[in-house]
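The file target-v1.pdb comes next; it holds PDB, C-alpha atoms.
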ATOM      1  CA  MET G   1     -44.525  82.086  20.724
ATOM      2  CA  SER G   2     -40.741  81.863  20.613
ATOM      3  CA  SER G   3     -39.229  79.426  18.160
ATOM      4  CA  GLN G   4     -37.666  76.220  19.352
ATOM      5  CA  THR G   5     -33.973  76.125  20.104
ATOM      6  CA  GLU G   6     -32.025  73.045  21.039
ATOM      7  CA  SER G   7     -28.909  72.680  23.117
ATOM      8  CA  PRO G   8     -26.728  69.590  22.945
ATOM      9  CA  ALA G   9     -27.360  67.181  25.808
ATOM     10  CA  PRO G  10     -24.403  66.401  28.077
ATOM     11  CA  GLY G  11     -23.800  62.854  29.211
ATOM     12  CA  GLY G  12     -26.780  61.376  31.021
ATOM     13  CA  ALA G  13     -29.167  64.100  29.845
ATOM     14  CA  GLU G  14     -32.115  64.011  27.509
ATOM     15  CA  VAL G  15     -33.242  66.908  25.348
ATOM     16  CA  VAL G  16     -36.800  67.966  26.221
ATOM     17  CA  THR G  17     -38.993  71.001  25.889
ATOM     18  CA  TYR G  18     -39.390  73.392  28.799
ATOM     19  CA  ARG G  19     -43.054  72.350  28.995
ATOM     20  CA  GLU G  20     -42.137  68.672  29.151
ATOM     21  CA  ALA G  21     -39.606  69.409  31.916
ATOM     22  CA  ILE G  22     -42.432  70.862  34.017
ATOM     23  CA  ARG G  23     -44.612  67.798  33.382
ATOM     24  CA  LEU G  24     -41.754  65.432  34.209
ATOM     25  CA  ALA G  25     -41.043  67.287  37.458
ATOM     26  CA  LEU G  26     -44.672  66.857  38.516
ATOM     27  CA  ASP G  27     -44.682  63.210  37.441
ATOM     28  CA  ASP G  28     -41.455  62.368  39.268
ATOM     29  CA  ALA G  29     -42.556  64.185  42.431
ATOM     30  CA  MET G  30     -45.891  62.345  42.435
ATOM     31  CA  ALA G  31     -44.192  58.990  41.854
ATOM     32  CA  ALA G  32     -41.765  59.618  44.713
ATOM     33  CA  ASP G  33     -44.337  60.844  47.254
ATOM     34  CA  GLU G  34     -47.972  59.784  47.369
ATOM     35  CA  THR G  35     -48.898  62.886  49.385
ATOM     36  CA  VAL G  36     -48.211  65.103  46.344
ATOM     37  CA  LEU G  37     -51.373  66.012  44.461
ATOM     38  CA  LEU G  38     -52.363  68.559  41.818
ATOM     39  CA  LEU G  39     -55.300  70.928  41.671
ATOM     40  CA  GLY G  40     -56.224  73.757  39.330
ATOM     41  CA  GLU G  41     -58.413  74.771  36.427
ATOM     42  CA  ASP G  42     -58.591  72.303  33.516
ATOM     43  CA  ILE G  43     -55.540  70.331  34.657
ATOM     44  CA  ALA G  44     -57.140  66.859  34.772
ATOM     45  CA  LYS G  45     -58.511  65.304  31.567
ATOM     46  CA  ALA G  46     -57.653  68.438  29.560
ATOM     47  CA  GLY G  47     -53.996  68.230  30.622
ATOM     48  CA  GLY G  48     -53.777  71.895  31.613
ATOM     49  CA  PRO G  49     -54.137  75.016  29.465
ATOM     50  CA  PHE G  50     -50.504  74.676  28.383
ATOM     51  CA  LYS G  51     -50.424  70.840  28.551
ATOM     52  CA  THR G  52     -48.034  70.805  31.500
ATOM     53  CA  THR G  53     -50.136  68.135  33.257
ATOM     54  CA  ALA G  54     -50.924  65.995  30.199
ATOM     55  CA  GLY G  55     -51.284  62.316  31.080
ATOM     56  CA  LEU G  56     -51.044  62.771  34.846
ATOM     57  CA  TYR G  57     -54.777  62.395  35.445
ATOM     58  CA  GLU G  58     -54.757  59.103  33.577
ATOM     59  CA  LYS G  59     -51.700  57.896  35.504
ATOM     60  CA  TYR G  60     -52.603  58.988  39.045
ATOM     61  CA  GLY G  61     -56.380  59.247  39.011
ATOM     62  CA  VAL G  62     -59.011  61.663  40.218
ATOM     63  CA  ASP G  63     -57.884  61.515  43.856
ATOM     64  CA  ARG G  64     -54.517  63.105  43.005
ATOM     65  CA  VAL G  65     -55.203  65.241  39.917
ATOM     66  CA  PHE G  66     -58.428  67.176  39.925
ATOM     67  CA  ASP G  67     -60.066  70.231  38.437
ATOM     68  CA  THR G  68     -61.276  73.171  40.484
ATOM     69  CA  PRO G  69     -63.883  75.855  39.894
ATOM     70  CA  ILE G  70     -62.734  79.278  38.678
ATOM     71  CA  ALA G  71     -62.092  80.443  42.240
ATOM     72  CA  GLU G  72     -58.350  80.915  42.749
ATOM     73  CA  ASN G  73     -58.490  82.314  46.277
ATOM     74  CA  GLY G  74     -60.795  79.495  47.294
ATOM     75  CA  PHE G  75     -58.739  76.590  46.028
ATOM     76  CA  CYS G  76     -55.473  78.117  47.259
ATOM     77  CA  GLY G  77     -57.115  78.251  50.687
ATOM     78  CA  ILE G  78     -58.182  74.617  50.299
ATOM     79  CA  ALA G  79     -54.559  73.760  49.466
ATOM     80  CA  LEU G  80     -53.500  75.280  52.791
ATOM     81  CA  GLY G  81     -55.946  73.016  54.605
ATOM     82  CA  MET G  82     -54.592  70.027  52.700
ATOM     83  CA  ALA G  83     -51.029  70.932  53.650
ATOM     84  CA  LEU G  84     -51.895  71.308  57.326
ATOM     85  CA  THR G  85     -53.280  67.769  57.320
ATOM     86  CA  GLY G  86     -50.219  66.093  55.802
ATOM     87  CA  LEU G  87     -50.535  66.526  52.030
ATOM     88  CA  ARG G  88     -48.271  68.365  49.564
ATOM     89  CA  PRO G  89     -50.599  70.125  47.124
ATOM     90  CA  VAL G  90     -49.362  71.737  43.920
ATOM     91  CA  VAL G  91     -51.722  74.480  42.789
ATOM     92  CA  GLU G  92     -51.733  75.612  39.174
ATOM     93  CA  ILE G  93     -52.852  79.156  38.417
ATOM     94  CA  MET G  94     -53.599  79.263  34.694
ATOM     95  CA  PHE G  95     -51.995  82.667  34.004
ATOM     96  CA  SER G  96     -49.723  84.446  36.479
ATOM     97  CA  ASP G  97     -51.898  87.531  35.895
ATOM     98  CA  PHE G  98     -54.602  85.705  37.896
ATOM     99  CA  LEU G  99     -52.409  85.370  40.998
ATOM    100  CA  PRO G 100     -53.789  88.615  42.507
ATOM    101  CA  THR G 101     -57.228  86.980  42.691
ATOM    102  CA  ALA G 102     -55.685  84.619  45.262
ATOM    103  CA  PHE G 103     -53.625  87.259  47.049
ATOM    104  CA  ASP G 104     -55.281  86.696  50.414
ATOM    105  CA  ALA G 105     -54.466  82.987  50.456
ATOM    106  CA  ILE G 106     -50.990  83.234  48.902
ATOM    107  CA  ALA G 107     -49.722  86.395  50.597
ATOM    108  CA  MET G 108     -51.618  86.576  53.874
ATOM    109  CA  GLU G 109     -52.237  82.930  54.798
ATOM    110  CA  LEU G 110     -49.692  80.524  53.316
ATOM    111  CA  PRO G 111     -46.475  82.306  54.361
ATOM    112  CA  ARG G 112     -47.719  83.265  57.849
ATOM    113  CA  TRP G 113     -49.196  80.032  59.148
ATOM    114  CA  ARG G 114     -45.957  78.533  60.453
ATOM    115  CA  PHE G 115     -44.970  81.801  62.136
ATOM    116  CA  MET G 116     -48.372  82.312  63.769
ATOM    117  CA  SER G 117     -48.420  78.726  65.050
ATOM    118  CA  GLY G 118     -45.044  79.148  66.700
ATOM    119  CA  GLY G 119     -43.486  76.618  64.375
ATOM    120  CA  GLN G 120     -45.972  73.891  65.263
ATOM    121  CA  THR G 121     -47.249  73.569  61.693
ATOM    122  CA  SER G 122     -45.886  73.921  58.182
ATOM    123  CA  ALA G 123     -47.551  74.691  54.865
ATOM    124  CA  PRO G 124     -45.832  72.743  52.056
ATOM    125  CA  VAL G 125     -47.856  74.274  49.231
ATOM    126  CA  THR G 126     -46.420  74.916  45.778
ATOM    127  CA  VAL G 127     -48.182  77.492  43.617
ATOM    128  CA  ARG G 128     -47.129  77.465  39.976
ATOM    129  CA  ALA G 129     -48.171  79.837  37.223
ATOM    130  CA  SER G 130     -47.306  80.590  33.599
ATOM    131  CA  GLY G 131     -46.667  84.192  32.646
ATOM    132  CA  GLY G 132     -44.907  86.474  30.212
ATOM    133  CA  GLY G 133     -45.505  88.097  26.871
ATOM    134  CA  GLY G 134     -44.950  87.053  23.298
ATOM    135  CA  GLY G 135     -48.122  85.011  22.968
ATOM    136  CA  ARG G 136     -50.488  87.816  21.845
ATOM    137  CA  PHE G 137     -52.659  87.462  24.937
ATOM    138  CA  GLY G 138     -53.076  91.196  25.556
ATOM    139  CA  ALA G 139     -52.940  93.424  28.606
ATOM    140  CA  GLN G 140     -54.639  91.122  31.110
ATOM    141  CA  THR G 141     -52.750  87.881  30.494
ATOM    142  CA  SER G 142     -49.176  88.779  29.522
ATOM    143  CA  SER G 143     -47.421  89.778  32.762
ATOM    144  CA  THR G 144     -44.649  87.704  34.266
ATOM    145  CA  GLY G 145     -45.734  88.684  37.784
ATOM    146  CA  GLU G 146     -42.410  87.504  39.143
ATOM    147  CA  SER G 147     -41.727  90.304  41.653
ATOM    148  CA  TRP G 148     -45.251  90.734  43.017
ATOM    149  CA  PHE G 149     -44.589  88.656  46.131
ATOM    150  CA  LEU G 150     -41.211  90.042  47.195
ATOM    151  CA  GLN G 151     -42.694  91.832  50.206
ATOM    152  CA  PHE G 152     -44.053  88.678  51.829
ATOM    153  CA  TYR G 153     -41.520  86.989  54.095
ATOM    154  CA  GLY G 154     -42.166  83.320  54.645
ATOM    155  CA  LEU G 155     -42.904  82.855  50.947
ATOM    156  CA  LYS G 156     -40.207  81.687  48.553
ATOM    157  CA  VAL G 157     -40.293  82.711  44.878
ATOM    158  CA  ALA G 158     -38.628  80.805  42.011
ATOM    159  CA  VAL G 159     -38.293  81.665  38.308
ATOM    160  CA  ALA G 160     -37.374  79.014  35.737
ATOM    161  CA  GLY G 161     -35.010  80.070  32.946
ATOM    162  CA  SER G 162     -34.378  76.684  31.254
ATOM    163  CA  PRO G 163     -35.770  73.138  31.083
ATOM    164  CA  GLN G 164     -33.315  72.021  33.772
ATOM    165  CA  GLY G 165     -34.311  74.995  35.890
ATOM    166  CA  ALA G 166     -38.002  74.293  35.367
ATOM    167  CA  TYR G 167     -37.494  70.711  36.555
ATOM    168  CA  GLY G 168     -35.128  71.369  39.443
ATOM    169  CA  LEU G 169     -36.903  74.412  40.857
ATOM    170  CA  LEU G 170     -40.302  72.710  40.792
ATOM    171  CA  ARG G 171     -38.976  69.536  42.419
ATOM    172  CA  ALA G 172     -37.281  71.613  45.126
ATOM    173  CA  ALA G 173     -40.445  73.630  45.724
ATOM    174  CA  ILE G 174     -42.613  70.528  46.111
ATOM    175  CA  ALA G 175     -40.153  68.929  48.548
ATOM    176  CA  HIS G 176     -39.860  72.100  50.652
ATOM    177  CA  ASN G 177     -41.840  72.324  53.879
ATOM    178  CA  ASN G 178     -42.886  75.932  53.348
ATOM    179  CA  PRO G 179     -44.826  77.638  50.544
ATOM    180  CA  VAL G 180     -43.166  78.420  47.225
ATOM    181  CA  VAL G 181     -44.471  80.268  44.169
ATOM    182  CA  VAL G 182     -42.859  78.982  40.961
ATOM    183  CA  PHE G 183     -43.088  81.015  37.754
ATOM    184  CA  ASP G 184     -42.554  79.643  34.280
ATOM    185  CA  HIS G 185     -42.730  81.533  30.977
ATOM    186  CA  LYS G 186     -45.347  80.482  28.456
ATOM    187  CA  ALA G 187     -43.297  81.718  25.480
ATOM    188  CA  MET G 188     -40.605  79.205  26.480
ATOM    189  CA  HIS G 189     -42.826  76.109  26.576
ATOM    190  CA  LEU G 190     -41.581  74.789  23.228
ATOM    191  CA  ARG G 191     -37.918  75.648  23.741
ATOM    192  CA  LYS G 192     -35.671  72.612  24.057
ATOM    193  CA  GLY G 193     -32.711  72.014  26.283
ATOM    194  CA  PRO G 194     -30.866  69.311  28.221
ATOM    195  CA  LEU G 195     -32.460  67.767  31.291
ATOM    196  CA  VAL G 196     -31.091  65.371  33.875
ATOM    197  CA  ARG G 197     -33.871  63.922  36.024
ATOM    198  CA  GLY G 198     -33.873  62.351  39.468
ATOM    199  CA  ASP G 199     -34.410  62.917  43.156
ATOM    200  CA  ASP G 200     -30.864  64.302  43.353
ATOM    201  CA  ARG G 201     -31.552  66.980  40.721
ATOM    202  CA  LEU G 202     -33.480  69.338  42.963
ATOM    203  CA  ALA G 203     -32.293  72.931  42.673
ATOM    204  CA  ASP G 204     -30.561  74.445  45.693
ATOM    205  CA  ILE G 205     -33.047  76.817  47.314
ATOM    206  CA  GLY G 206     -31.850  80.402  47.107
ATOM    207  CA  LYS G 207     -28.980  79.643  44.709
ATOM    208  CA  ALA G 208     -28.500  81.449  41.400
ATOM    209  CA  VAL G 209     -26.815  79.682  38.477
ATOM    210  CA  VAL G 210     -23.943  81.068  36.410
ATOM    211  CA  VAL G 211     -24.933  79.837  32.950
ATOM    212  CA  ARG G 212     -22.096  81.558  31.092
ATOM    213  CA  SER G 213     -18.761  82.667  32.533
ATOM    214  CA  GLY G 214     -17.218  85.972  31.507
ATOM    215  CA  SER G 215     -14.852  88.673  32.690
ATOM    216  CA  ASP G 216     -16.091  92.029  31.344
ATOM    217  CA  VAL G 217     -19.777  92.454  32.268
ATOM    218  CA  THR G 218     -22.285  90.611  34.460
ATOM    219  CA  ILE G 219     -25.844  90.147  33.213
ATOM    220  CA  VAL G 220     -28.375  88.968  35.789
ATOM    221  CA  ALA G 221     -31.562  87.686  34.149
ATOM    222  CA  SER G 222     -34.732  85.714  34.765
ATOM    223  CA  LEU G 223     -37.144  83.565  32.760
ATOM    224  CA  LEU G 224     -37.079  84.308  28.989
ATOM    225  CA  MET G 225     -34.434  86.981  29.529
ATOM    226  CA  VAL G 226     -31.877  84.293  30.404
ATOM    227  CA  ASN G 227     -32.034  82.940  26.868
ATOM    228  CA  ARG G 228     -31.985  86.405  25.340
ATOM    229  CA  SER G 229     -29.023  87.382  27.506
ATOM    230  CA  LEU G 230     -27.132  84.327  26.277
ATOM    231  CA  GLU G 231     -27.928  85.329  22.686
ATOM    232  CA  ALA G 232     -26.630  88.827  23.427
ATOM    233  CA  ALA G 233     -23.480  87.421  25.046
ATOM    234  CA  GLU G 234     -22.687  85.287  21.999
ATOM    235  CA  ALA G 235     -23.111  88.303  19.691
ATOM    236  CA  LEU G 236     -20.927  90.475  21.920
ATOM    237  CA  ALA G 237     -18.176  87.855  22.017
ATOM    238  CA  GLY G 238     -17.547  88.698  18.377
ATOM    239  CA  GLU G 239     -16.894  92.279  19.467
ATOM    240  CA  GLY G 240     -14.376  91.225  22.088
ATOM    241  CA  ILE G 241     -16.748  91.708  25.077
ATOM    242  CA  ASP G 242     -16.731  88.746  27.466
ATOM    243  CA  VAL G 243     -20.113  88.519  29.237
ATOM    244  CA  GLU G 244     -21.045  86.517  32.320
ATOM    245  CA  VAL G 245     -24.732  85.521  32.509
ATOM    246  CA  ILE G 246     -26.463  84.613  35.756
ATOM    247  CA  ASP G 247     -29.868  82.936  35.878
ATOM    248  CA  ILE G 248     -31.128  84.408  39.157
ATOM    249  CA  SER G 249     -33.478  81.384  39.671
ATOM    250  CA  TRP G 250     -34.737  82.508  43.106
ATOM    251  CA  LEU G 251     -36.110  85.961  43.890
ATOM    252  CA  ARG G 252     -36.703  85.062  47.512
ATOM    253  CA  PRO G 253     -34.254  84.196  48.902
ATOM    254  CA  LEU G 254     -32.088  86.330  46.604
ATOM    255  CA  ASP G 255     -28.568  85.031  45.978
ATOM    256  CA  MET G 256     -26.617  88.232  46.444
ATOM    257  CA  ALA G 257     -23.405  86.331  47.158
ATOM    258  CA  THR G 258     -23.202  84.935  43.611
ATOM    259  CA  VAL G 259     -24.161  88.279  42.061
ATOM    260  CA  ALA G 260     -21.723  90.275  44.209
ATOM    261  CA  ALA G 261     -18.849  87.884  43.488
ATOM    262  CA  SER G 262     -19.470  88.173  39.746
ATOM    263  CA  VAL G 263     -19.766  91.966  39.808
ATOM    264  CA  GLU G 264     -16.584  92.205  41.855
ATOM    265  CA  ARG G 265     -14.767  90.391  39.016
ATOM    266  CA  THR G 266     -16.360  92.212  36.081
ATOM    267  CA  GLY G 267     -16.979  95.655  37.577
ATOM    268  CA  ARG G 268     -20.158  96.098  35.482
ATOM    269  CA  LEU G 269     -23.782  95.047  35.899
ATOM    270  CA  VAL G 270     -26.748  94.748  33.539
ATOM    271  CA  ILE G 271     -30.177  93.619  34.770
ATOM    272  CA  ALA G 272     -32.445  91.915  32.200
ATOM    273  CA  GLU G 273     -36.063  91.480  33.291
ATOM    274  CA  GLU G 274     -39.421  91.231  31.533
ATOM    275  CA  GLN G 275     -41.223  93.425  34.031
ATOM    276  CA  TYR G 276     -41.362  97.014  35.199
ATOM    277  CA  HIS G 277     -38.200  97.982  37.017
ATOM    278  CA  ASP G 278     -39.739  99.806  39.990
ATOM    279  CA  GLY G 279     -40.339  97.454  42.899
ATOM    280  CA  GLY G 280     -38.737  94.495  41.129
ATOM    281  CA  TRP G 281     -35.925  92.099  41.913
ATOM    282  CA  GLY G 282     -33.573  94.016  39.621
ATOM    283  CA  ALA G 283     -34.069  97.202  41.606
ATOM    284  CA  SER G 284     -33.439  95.202  44.787
ATOM    285  CA  ILE G 285     -30.114  93.898  43.465
ATOM    286  CA  ILE G 286     -28.964  97.367  42.439
ATOM    287  CA  SER G 287     -30.029  98.786  45.813
ATOM    288  CA  ARG G 288     -28.177  96.109  47.759
ATOM    289  CA  LEU G 289     -25.005  96.559  45.721
ATOM    290  CA  ALA G 290     -25.219 100.325  46.207
ATOM    291  CA  THR G 291     -25.634 100.075  49.974
ATOM    292  CA  ALA G 292     -22.696  97.662  50.087
ATOM    293  CA  ALA G 293     -20.614 100.157  48.090
ATOM    294  CA  ALA G 294     -19.839  97.572  45.416
ATOM    295  CA  PRO G 295     -16.838  98.615  43.293
ATOM    296  CA  LEU G 296     -18.444  99.256  39.893
ATOM    297  CA  ALA G 297     -16.545 100.646  36.918
ATOM    298  CA  SER G 298     -19.768 102.128  35.488
ATOM    299  CA  PRO G 299     -23.354 102.666  36.704
ATOM    300  CA  PRO G 300     -25.652  99.613  36.603
ATOM    301  CA  VAL G 301     -27.965  99.373  33.590
ATOM    302  CA  ALA G 302     -31.504  97.974  33.856
ATOM    303  CA  VAL G 303     -33.151  96.514  30.756
ATOM    304  CA  SER G 304     -36.840  96.188  31.587
ATOM    305  CA  MET G 305     -40.345  96.896  30.287
ATOM    306  CA  PRO G 306     -41.455 100.426  29.371
ATOM    307  CA  GLU G 307     -44.130 101.741  31.713
ATOM    308  CA  ILE G 308     -47.099 101.062  29.471
ATOM    309  CA  LEU G 309     -49.515  98.147  29.244
ATOM    310  CA  ILE G 310     -48.896  95.275  26.846
ATOM    311  CA  SER G 311     -50.832  95.669  23.628
ATOM    312  CA  HIS G 312     -52.609  93.064  21.496
ATOM    313  CA  SER G 313     -50.643  94.496  18.561
ATOM    314  CA  PRO G 314     -47.810  92.061  17.724
ATOM    315  CA  PRO G 315     -45.336  94.773  16.655
ATOM    316  CA  LEU G 316     -46.020  96.818  19.804
ATOM    317  CA  GLU G 317     -45.749  93.774  22.073
ATOM    318  CA  ASP G 318     -42.470  92.713  20.469
ATOM    319  CA  ALA G 319     -41.086  96.223  20.836
ATOM    320  CA  MET G 320     -41.916  96.286  24.561
ATOM    321  CA  ILE G 321     -40.347  92.989  25.574
ATOM    322  CA  PRO G 322     -36.563  93.298  25.998
ATOM    323  CA  SER G 323     -34.760  91.755  23.050
ATOM    324  CA  ALA G 324     -31.272  90.319  22.747
ATOM    325  CA  GLU G 325     -30.358  93.462  20.800
ATOM    326  CA  ARG G 326     -31.522  95.757  23.622
ATOM    327  CA  ILE G 327     -29.583  93.721  26.142
ATOM    328  CA  ALA G 328     -26.470  93.806  23.961
ATOM    329  CA  GLU G 329     -26.729  97.591  23.636
ATOM    330  CA  ALA G 330     -27.029  97.902  27.401
ATOM    331  CA  VAL G 331     -23.824  95.897  27.774
ATOM    332  CA  ARG G 332     -22.073  98.132  25.256
ATOM    333  CA  SER G 333     -23.175 101.237  27.174
ATOM    334  CA  ALA G 334     -21.858  99.743  30.423
ATOM    335  CA  CYS G 335     -18.475  99.209  28.736
ATOM    336  CA  ARG G 336     -18.127 102.726  27.340
TER     337      ARG G 336
END
Turn the structure described in the file into structure tokens.
Amino acid sequence: MSSQTESPAPGGAEVVTYREAIRLALDDAMAADETVLLLGEDIAKAGGPFKTTAGLYEKYGVDRVFDTPIAENGFCGIALGMALTGLRPVVEIMFSDFLPTAFDAIAMELPRWRFMSGGQTSAPVTVRASGGGGGRFGAQTSSTGESWFLQFYGLKVAVAGSPQGAYGLLRAAIAHNNPVVVFDHKAMHLRKGPLVRGDDRLADIGKAVVVRSGSDVTIVASLLMVNRSLEAAEALAGEGIDVEVIDISWLRPLDMATVAASVERTGRLVIAEEQYHDGGWGASIISRLATAAAPLASPPVAVSMPEILISHSPPLEDAMIPSAERIAEAVRSACR
């Protein structure tokens, strides 16, 4: 797992781990709305496989935090029924790699129910999953999975790149009246950062966040790559390259306005994603900028995963996942 890093807390903020930010978002949402409940594998007394629900079973009881069988498609379908009868279920999928086992419910049922009912019903279901490499989990449990649902209109997709993002995105998803899939990164669970809590700290749906301003190159990143892009930007500042970093935050809807405005200023674009480039959100951004004839000073550069499966071998896994050094080199190539 990645080592802990800590950012200074601004006024009114507390410094928490990314994992604790997820737990606090669930706790605050449940305290604010008694229709919010949690279901998933080992999330009750065990506190979740990554301890993101620790203590919630004891606080809210078996009627609002309960374990399910190992049947992802089944309990995602049950969550739809709950939502149609006035509840706001939050479904935890242990690893994002297991999301395809619930593809029928998540892709074919949840996002289509409101449309097929002519707007008479809504499906306020939040599906959250932990993904990403770095934990030595091997080929079947190391994907981020973040772009898998881009083809399904009616479904919103969020990716948390910081503790504040993890809190705000999850709170916004739970409050939303339509289904949202929220991805977090398991290698970030112990990273620390500032968090401001409250019902007014919900993230704006479909809004990216500029986490570092710059004038020479725009990096658009997600999940763990946000942190690594910031590390790259700090290193490049010593070389006289001023980098802007955008945490994309939402893959659907995609905030092209923020990205386009940044690229118009800098003239250069680097995508940083821990996934295969083909069919991903990074490819979508490049395509949209190309069709809009964005004025770029150099071709866009995509830093992504090589097209091989993740190995159990620590050196091979580390070499596959984009590093701050790879991102920095991509920025240098865009500036040449």
Inset, instruction - Expand the PyMOL selection byres ((chain G and resi 188) around 12) into the individual residues it matches in the shown file, reporting them as JSON, numbers by chain. - result: {"G": [1, 2, 3, 4, 5, 6, 16, 17, 18, 19, 20, 21, 22, 50, 130, 131, 132, 133, 134, 135, 160, 161, 162, 163, 166, 183, 184, 185, 186, 187, 189, 190, 191, 192, 193, 223, 224, 225, 226, 227, 228]}
Inset, instruction - Within 12 Å of Ser333 in chain G, counting all atoms listed in the file, which residues show up once you throw out same-chain ones fewer than 6 positions away? Write them as a VMD selection string, please. - result: chain G and resid 217 241 268 to 270 297 to 303 326 to 327
Legend entry - Expansion of the PyMOL selection byres ((chain G and resi 36) around 9) into residues, as a ChimeraX atom specification: /G:26,29-35,37-38,64,87-90,174
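Using all atoms listed in the file, the smallest distance between any of G:Ala79, G:Ala25, G:Met320, G:Ala272 and Gly198 in chain G comes from G:Ala25.
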Inset, instruction - Return as a ChimeraX atom specification the set of residues that the PyMOL selection byres ((chain G and resi 125) around 12) yields on the displayed structure. - result: /G:35-39,75-92,105-106,109-111,113,122-124,126-128,154-156,170,172-182
Inset, instruction - Skip Gly40 in chain G itself and residues of its chain fewer than 2 positions away, then list as an MDAnalysis selection string all residues within 9 Å of it, counting all atoms listed in the file. - result: chainID G and resid 38 42:44 48 65:70 72 75 90:94
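If you look at CA of Gly12 in chain G and CA of Ser249 in chain G, they are 22.8 Å away from each other.
What separates CA of Pro194 in chain G from CA of Gly168 in chain G is a distance of 12.2 Å.
One distance worth recording is that between CA of Leu251 in chain G and CA of Tyr276 in chain G, which is 15.0 Å.
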Inset, instruction - Please provide as a ChimeraX atom specification all residues within 6 Å of Leu195 in chain G, with the sequence filter that same-chain residues fewer than 3 positions apart are discarded (counting all atoms listed in the file). - result: /G:13-14,164
Contacts of Ser147 in chain G at 9 Å (all atoms listed in the file; same-chain gap of 5+ positions) as a PDB file with C-alpha atoms, in the frame of the given file:
ATOM      1  CA  VAL G 157     -40.293  82.711  44.878  1.00  0.00           C
ATOM      2  CA  LEU G 251     -36.110  85.961  43.890  1.00  0.00           C
ATOM      3  CA  GLN G 275     -41.223  93.425  34.031  1.00  0.00           C
ATOM      4  CA  GLY G 279     -40.339  97.454  42.899  1.00  0.00           C
ATOM      5  CA  GLY G 280     -38.737  94.495  41.129  1.00  0.00           C
ATOM      6  CA  TRP G 281     -35.925  92.099  41.913  1.00  0.00           C
TER       7      TRP G 281
END
Legend entry - Selection near Glu58 in chain G, 8 Å with only C-alpha atoms, sequence-local residues under 3 positions removed, as a list in words: Lys45, Gly55 and Gly61 of chain G
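The smallest atom-to-atom distance between Ala334 in chain G and any of G:Gly238, G:Gly267, G:Gly282, G:Pro100, using only C-alpha atoms, is found for G:Gly267.
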Inset, instruction - Please check which residues have atoms at most 12 Å from (-28.2, 70.2, 42.4) in the file's coordinates, counting all atoms listed in the file, and write them as a PyMOL selection string. - result: chain G and resi 164-165+167-169+171-172+196-209
Inset, instruction - Would you mind telling me which residue in G:Ala328, G:Met305, G:Val259, G:Val243 lies nearest to Ser284 in chain G when using all atoms listed in the file? - result: G:Val259
